[in-house]
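Enquirer: Here it is, the structure in full.
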Amino acid sequence: MKALITTLLLLTLTLTSAFGQLKGRIGGNQAITNDWRPGFINITELSCGMGLGKTDVPYSQSFVGLNNTFAYQFMRRIKGGAGIGIQFHNDGVLIPLYLDGRFNFPNGKWSPFISAAGGYAMSPDNFKDQSRIYFNPVAGVRLIYKKNLAYTISAGLLTQAGGTEMRSSFINLKLGAEFKARNGRY
């Protein structure tokens, strides 16, 4: 009798645990749950930066720019993609082509993240002498606003090498929006 009761108790606990598991993680609301799902994302950011160090040479004093990243969210925390943008510097224009990687710390409606972008910034005025490579790590926070929309704000350090100054750095600030495709596709 003791063995039968123990067996039934174990069977009941096992079944309760098995059927109590959720197929996928469930967030605090529908917008957060959708934010965790894999799928395509379009990230559009307005950026600006103030030069550090020697700022009296071309392309090193300040900039304002607009970037667009076409990315894929692989899992709840990791996104990666490629992008293009335009940056208006103190002495000219640069057109960056870059790769972008992001790591989210999902924490509810407000979600911190870190990101790194790097690539090649081309100068349409003087491709050979003023084009450069760059790297831009940032840290920021996302506000999950609606089911397929989040706003971002981030700050970081943009470092570029090339051109007449050989290397320049900027403290930069980015304001952006993430548009997520419905059901993982546009």
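Following the order of the structure tokens, first chain is A, next is B, and so on, with residues numbered from 1 inside each chain and ligands from 1 in the order they appear.
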Apply DSSP to the structure's backbone, then extract all residues of stretch 26-151 of chain A labelled strand (DSSP E or B) and return them as a short mmCIF file (atom, residue, chain, number, x, y, z; two decimals) with C-alpha atoms, in the first residue's frame.
Expert:
data_model
loop_
_atom_site.label_atom_id
_atom_site.label_comp_id
_atom_site.auth_asym_id
_atom_site.auth_seq_id
_atom_site.Cartn_x
_atom_site.Cartn_y
_atom_site.Cartn_z
CA GLY A 39 12.41 37.85 -36.40
CA PHE A 40 13.52 40.67 -38.68
CA ILE A 41 14.06 44.15 -37.23
CA ASN A 42 14.66 47.56 -38.77
CA ILE A 43 16.62 49.91 -36.48
CA THR A 44 16.70 53.60 -37.43
CA GLU A 45 18.87 55.93 -35.35
CA LEU A 46 19.67 59.63 -35.30
CA SER A 47 23.20 60.17 -33.98
CA CYS A 48 25.44 63.08 -33.03
CA GLY A 49 28.95 63.32 -31.65
CA MET A 50 31.47 65.74 -30.23
CA GLY A 51 35.14 65.26 -31.07
CA LEU A 52 37.74 64.32 -28.50
CA SER A 62 31.61 67.02 -34.60
CA PHE A 63 29.01 65.14 -36.62
CA VAL A 64 25.28 64.55 -37.02
CA GLY A 65 24.03 61.44 -38.76
CA LEU A 66 21.24 59.04 -39.62
CA ASN A 67 21.75 55.25 -39.67
CA ASN A 68 19.51 52.37 -40.70
CA THR A 69 20.29 48.80 -39.66
CA PHE A 70 18.59 45.75 -41.15
CA ALA A 71 18.88 43.09 -38.44
CA TYR A 72 17.61 39.72 -37.31
CA GLN A 73 16.80 38.83 -33.71
CA ILE A 78 20.92 38.60 -29.44
CA LYS A 79 20.45 40.68 -32.61
CA GLY A 80 22.79 41.13 -35.56
CA GLY A 81 22.65 42.89 -38.87
CA ALA A 82 24.14 45.22 -41.45
CA GLY A 83 23.47 48.87 -42.10
CA ILE A 84 24.10 52.04 -44.02
CA GLY A 85 24.00 55.66 -42.97
CA ILE A 86 25.04 59.21 -43.63
CA GLN A 87 27.14 61.43 -41.36
CA PHE A 88 27.58 65.18 -41.77
CA HIS A 89 30.97 66.10 -40.27
CA GLY A 92 32.35 66.89 -45.24
CA VAL A 93 30.06 63.90 -45.55
CA LEU A 94 30.77 60.23 -44.79
CA ILE A 95 28.61 57.26 -45.81
CA PRO A 96 29.19 54.35 -43.39
CA LEU A 97 28.56 50.71 -44.33
CA TYR A 98 28.72 48.56 -41.20
CA LEU A 99 27.90 45.41 -39.25
CA ASP A 100 25.98 45.77 -35.98
CA GLY A 101 25.62 43.35 -33.06
CA ARG A 102 23.37 43.88 -30.02
CA PHE A 103 22.90 42.10 -26.71
CA ASN A 104 19.73 42.86 -24.72
CA TRP A 110 12.64 49.20 -19.94
CA SER A 111 15.45 46.99 -21.20
CA PRO A 112 19.18 47.86 -21.11
CA PHE A 113 21.40 46.79 -24.02
CA ILE A 114 24.96 46.94 -25.34
CA SER A 115 25.86 47.22 -28.98
CA ALA A 116 28.90 47.39 -31.23
CA ALA A 117 29.02 48.55 -34.83
CA GLY A 118 32.02 48.63 -37.12
CA GLY A 119 32.66 49.14 -40.77
CA TYR A 120 33.88 51.42 -43.52
CA ALA A 121 32.89 55.10 -43.82
CA MET A 122 33.25 56.30 -47.40
CA ARG A 132 38.10 55.43 -43.10
CA ILE A 133 37.28 52.41 -40.94
CA TYR A 134 35.46 52.88 -37.66
CA PHE A 135 34.25 51.11 -34.53
CA ASN A 136 31.40 52.28 -32.27
CA PRO A 137 30.57 50.46 -29.01
CA VAL A 138 27.53 51.87 -27.14
CA ALA A 139 25.38 51.14 -24.10
CA GLY A 140 21.79 52.20 -23.77
CA VAL A 141 18.22 51.44 -22.83
CA ARG A 142 15.15 50.40 -24.87
CA LEU A 143 11.55 51.30 -24.11
CA ILE A 144 9.21 48.63 -25.48
CA TYR A 145 6.36 50.90 -26.54
CA LYS A 146 4.04 48.67 -28.58
CA LEU A 149 7.91 49.10 -31.76
CA ALA A 150 10.63 50.04 -29.27
CA TYR A 151 12.48 53.33 -28.74
#
Enquirer: So which residues of chain A fall under helix (DSSP H, G or I) by DSSP, listed as a ChimeraX atom specification?
Expert: /A:2-20,30-35,127-130,182-184
Enquirer: So how far away is atom CA of A:Leu157 from atom CA of A:Phe170, in Å?
Expert: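 It comes out at 5.7 Å.
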